[in-house]
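S.K.: The structure's right below; bear with me while I get my questions together.
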Amino acid sequence: MLSTNNERRLSIGGPKVYDVTKYLDDHPGGAEVMLDVAGQNADEFFEDIGHSKEARNELKKFLIGTYKMDAATLAKMKAEAEKKKAKQGSNSTLMILLVALIAIYVAYTKMQ
């Protein structure tokens, strides 16, 4: 997927391909983090960082095309993304519950 040393492409959002060459110097996390995933599927990396809506809008400027994928591959990618999203949702619920329990404990011990 990498054409030359001056051109950096990565895939985010399934079959979407972005040329981020002109954005490397402007990336808030530095060029190195983008170069580490250049030439490969960067979906997980992009989502794990938790990019803002503004970052997602900025990314649209660099879209250069999409991979041709069969329906089975697209369905598999979608299922994996949904599974990960559901797992993250359950982890968030557990974290909120844990924080609430700690707050209740701290409030209770201060009242004693």
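Labels for the structure tokens follow display order: chains A, B, ..., residues from 1 in each chain, ligands from 1.
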Got a sec: who's within 10 Å of A:Met34, counting only C-alpha atoms, leaving out chain neighbours fewer than 2 positions off, as a count of residues only?

M.R.: 19

S.K.: Would you pick out the contacts of stretch 64-71 of chain A at 9 Å or less, using only C-alpha atoms, so that residues sharing its chain but fewer than 2 positions from it are not included, and give the list as a PyMOL selection string?

M.R.: chain A and resi 11+14-19+61-62+73-76

S.K.: Using only C-alpha atoms, which protein or nucleic acid residues come within 10 Å of A:Ala55? Drop anything in the same chain fewer than 4 positions from it, and give the result as a PyMOL selection string.

M.R.: chain A and resi 27-28+50-51+59-60

S.K.: Output C-alpha atoms of each residue in that selection to a file, as a PDB file, in the first residue's frame.

M.R.:
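Printed below is part35.pdb as written:
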ATOM      1  CA  HIS A  27      -0.884  15.515  13.602  1.00  0.00           C
ATOM      2  CA  PRO A  28      -1.155  16.418  17.321  1.00  0.00           C
ATOM      3  CA  GLY A  50     -10.528   7.970  21.153  1.00  0.00           C
ATOM      4  CA  HIS A  51     -10.359  10.619  18.439  1.00  0.00           C
ATOM      5  CA  LEU A  59      -9.698  12.644   8.378  1.00  0.00           C
ATOM      6  CA  LYS A  60     -12.355  12.928   5.662  1.00  0.00           C
TER       7      LYS A  60
END
